[in-house]
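Data first, discussion second: the structure below is written as structure tokens.
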Amino acid sequence: MAATGTAPPPSVAAEAALAVSGVAGLQPRLAHRLAAAASPTRPETTAQRIPPEAGVRTDPMPDGSGWHIEVRCILVEGHRVVEAARNVHDQVRAAVLSYLAAHGAPVAVTVTVTVTRIVARDHAG
């Protein structure tokens with residue numbers, strides 16, 4: 001089954017990832033950070049303008065059989081990185097598969113989770 005035209009919205013993956021215990025936020029990809037930095041606004045509002053979906057990348061698999069989802073997470077200190085990453089992987093995969101099934105596009109989904117940094121508890125918010 002071809003994956004074209006049925007891309008899962010990054011918001012589905014972002015919402016699932018943010019619901020996992022220990023996830024402080026999602027790290028935007030470089031393109032989103034550069035775009036935000038180049039826009040003429042006050043620096044303290046830049047982080048508020050970048051949506052969580054900017055930390056999710058959705059690409060069709062090369063053979064067209066499904067989707068690859070990349071999630072870039074920021075974790076709160078005190079959580080085990082491997083367990084948190086595994087939980088994000090499982091929750092994102094389940095959410096995307098559910099979304100695709102509900103929209104008549106049951107295809108393969110792979111998920112990659114990258115932990116980009118760990119923040120202190122008082123900075124997670």
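Chain lettering (A, B, ...) mirrors the order of the structure tokens, residue numbering begins at 1 for each chain separately, and ligand numbering begins at 1 in order of display.
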
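For region 12-14 of chain A, the residues within 9 Å (counting only C-alpha atoms, excluding itself and residues fewer than 4 positions away along the chain) are A:Pro8, A:Leu18, A:Ala19, A:Leu26, A:Pro52, A:Glu53, A:Ala54, A:Gly55, A:Val56, A:Ile69, A:Val71, A:Gln91, A:Val92, A:Arg93, A:Ala95, A:Val96, A:Tyr99.
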
Residues flagged strand (DSSP E or B) by DSSP in region 70-111 of chain A, as a compact mmCIF listing (two decimals) with all heavy atoms, in the first residue's frame:
# COMPACT_ATOMS: atom_id res chain seq x y z
N GLU A 70 10.42 10.50 13.31
CA GLU A 70 11.56 10.82 14.17
C GLU A 70 11.08 11.81 15.23
O GLU A 70 10.48 12.83 14.91
CB GLU A 70 12.69 11.46 13.37
CG GLU A 70 13.86 11.87 14.23
CD GLU A 70 14.88 12.72 13.49
OE1 GLU A 70 14.65 13.05 12.31
OE2 GLU A 70 15.90 13.05 14.10
N VAL A 71 11.36 11.49 16.50
CA VAL A 71 10.95 12.35 17.62
C VAL A 71 12.20 12.74 18.39
O VAL A 71 13.00 11.89 18.76
CB VAL A 71 9.97 11.60 18.56
CG1 VAL A 71 9.50 12.53 19.67
CG2 VAL A 71 8.78 11.07 17.78
N ARG A 72 12.35 14.05 18.61
CA ARG A 72 13.52 14.57 19.35
C ARG A 72 13.04 15.08 20.70
O ARG A 72 12.36 16.10 20.77
CB ARG A 72 14.18 15.68 18.55
CG ARG A 72 14.72 15.17 17.20
CD ARG A 72 15.14 16.29 16.27
NE ARG A 72 15.94 17.31 16.90
CZ ARG A 72 17.27 17.29 17.00
NH1 ARG A 72 17.94 16.28 16.49
NH2 ARG A 72 17.93 18.26 17.58
N CYS A 73 13.41 14.36 21.77
CA CYS A 73 12.89 14.63 23.11
C CYS A 73 13.89 15.32 24.03
O CYS A 73 15.09 15.06 23.95
CB CYS A 73 12.50 13.32 23.79
SG CYS A 73 11.17 12.47 23.01
N ILE A 74 13.34 16.13 24.90
CA ILE A 74 14.08 16.71 26.02
C ILE A 74 13.50 16.04 27.26
O ILE A 74 12.29 16.06 27.47
CB ILE A 74 13.88 18.23 26.10
CG1 ILE A 74 14.33 18.89 24.79
CG2 ILE A 74 14.60 18.81 27.31
CD1 ILE A 74 13.87 20.32 24.65
N LEU A 75 14.37 15.43 28.07
CA LEU A 75 13.90 14.73 29.26
C LEU A 75 14.18 15.53 30.53
O LEU A 75 15.08 16.37 30.56
CB LEU A 75 14.57 13.36 29.37
CG LEU A 75 14.32 12.37 28.25
CD1 LEU A 75 15.02 11.05 28.56
CD2 LEU A 75 12.84 12.16 28.02
N VAL A 76 13.41 15.21 31.56
CA VAL A 76 13.62 15.78 32.88
C VAL A 76 14.60 14.88 33.63
O VAL A 76 14.49 13.65 33.56
CB VAL A 76 12.28 15.85 33.65
CG1 VAL A 76 12.49 16.37 35.06
CG2 VAL A 76 11.27 16.70 32.91
N ALA A 108 2.81 0.40 7.51
CA ALA A 108 3.92 0.22 8.44
C ALA A 108 4.37 1.56 9.00
O ALA A 108 4.33 2.58 8.31
CB ALA A 108 5.07 -0.47 7.73
N VAL A 109 4.82 1.53 10.25
CA VAL A 109 5.33 2.73 10.90
C VAL A 109 6.58 2.36 11.68
O VAL A 109 6.57 1.39 12.45
CB VAL A 109 4.29 3.33 11.87
CG1 VAL A 109 4.89 4.47 12.67
CG2 VAL A 109 3.05 3.79 11.13
N THR A 110 7.66 3.10 11.45
CA THR A 110 8.85 2.96 12.27
C THR A 110 9.05 4.27 13.02
O THR A 110 8.69 5.34 12.52
CB THR A 110 10.11 2.65 11.45
OG1 THR A 110 10.37 3.72 10.55
CG2 THR A 110 9.97 1.35 10.67
N VAL A 111 9.59 4.17 14.22
CA VAL A 111 9.79 5.35 15.05
C VAL A 111 11.22 5.36 15.57
O VAL A 111 11.71 4.33 16.04
CB VAL A 111 8.81 5.36 16.25
CG1 VAL A 111 9.06 6.56 17.14
CG2 VAL A 111 7.36 5.35 15.76

(message) I'd like to know which of A:Pro60, A:Asp122, A:Ala101, A:Thr114 is closest to His89 (chain A), using only C-alpha atoms.
(response) A:Thr114

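Listed by chain and then by rising number, the residues of region 41-122 of chain A that DSSP assigns to alpha helix (DSSP H) from the backbone are A:Pro43, A:Glu44, A:Thr45, A:Thr46, A:Ala47, A:Gln48, A:Arg49, A:Val81, A:Val82, A:Glu83, A:Ala84, A:Ala85, A:Arg86, A:Asn87, A:Val88, A:His89, A:Asp90, A:Gln91, A:Val92, A:Arg93, A:Ala94, A:Ala95, A:Val96, A:Leu97, A:Ser98, A:Tyr99, A:Leu100, A:Ala101, A:Ala102.
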
With C-alpha atoms retained, write the just-selected residues as a PDB file, in the first residue's frame.
ATOM      1  CA  PRO A  43      13.949  36.511  21.926  1.00  0.00           C
ATOM      2  CA  GLU A  44      11.821  35.574  24.947  1.00  0.00           C
ATOM      3  CA  THR A  45       8.821  34.878  22.681  1.00  0.00           C
ATOM      4  CA  THR A  46      10.737  32.707  20.198  1.00  0.00           C
ATOM      5  CA  ALA A  47      10.323  29.498  22.217  1.00  0.00           C
ATOM      6  CA  GLN A  48       6.591  30.147  22.542  1.00  0.00           C
ATOM      7  CA  ARG A  49       6.184  30.432  18.755  1.00  0.00           C
ATOM      8  CA  VAL A  81      16.845   7.677  29.471  1.00  0.00           C
ATOM      9  CA  VAL A  82      16.439   4.238  27.915  1.00  0.00           C
ATOM     10  CA  GLU A  83      13.076   3.630  29.598  1.00  0.00           C
ATOM     11  CA  ALA A  84      11.768   7.082  28.710  1.00  0.00           C
ATOM     12  CA  ALA A  85      12.899   6.718  25.094  1.00  0.00           C
ATOM     13  CA  ARG A  86      11.291   3.269  24.868  1.00  0.00           C
ATOM     14  CA  ASN A  87       8.036   4.648  26.301  1.00  0.00           C
ATOM     15  CA  VAL A  88       8.065   7.532  23.817  1.00  0.00           C
ATOM     16  CA  HIS A  89       8.714   5.058  20.988  1.00  0.00           C
ATOM     17  CA  ASP A  90       5.842   2.802  22.022  1.00  0.00           C
ATOM     18  CA  GLN A  91       3.355   5.624  22.652  1.00  0.00           C
ATOM     19  CA  VAL A  92       4.153   7.454  19.409  1.00  0.00           C
ATOM     20  CA  ARG A  93       3.975   4.264  17.344  1.00  0.00           C
ATOM     21  CA  ALA A  94       0.627   3.282  18.890  1.00  0.00           C
ATOM     22  CA  ALA A  95      -0.831   6.770  18.391  1.00  0.00           C
ATOM     23  CA  VAL A  96       0.281   7.015  14.759  1.00  0.00           C
ATOM     24  CA  LEU A  97      -0.922   3.491  13.929  1.00  0.00           C
ATOM     25  CA  SER A  98      -4.278   4.274  15.543  1.00  0.00           C
ATOM     26  CA  TYR A  99      -4.559   7.514  13.585  1.00  0.00           C
ATOM     27  CA  LEU A 100      -3.695   5.807  10.304  1.00  0.00           C
ATOM     28  CA  ALA A 101      -6.125   2.931  10.947  1.00  0.00           C
ATOM     29  CA  ALA A 102      -8.911   5.405  11.745  1.00  0.00           C
TER      30      ALA A 102
END

(request) May I ask which of the residues A:Arg57, A:His79, A:Ile50, A:His68 is the closest one to Val20 (chain A), counting only C-alpha atoms? (result) A:His79

(request) Please indicate the distance in Å from CA of Ala7 (chain A) to CA of Trp67 (chain A), rounded to one decimal place. (result) 7.5 Å
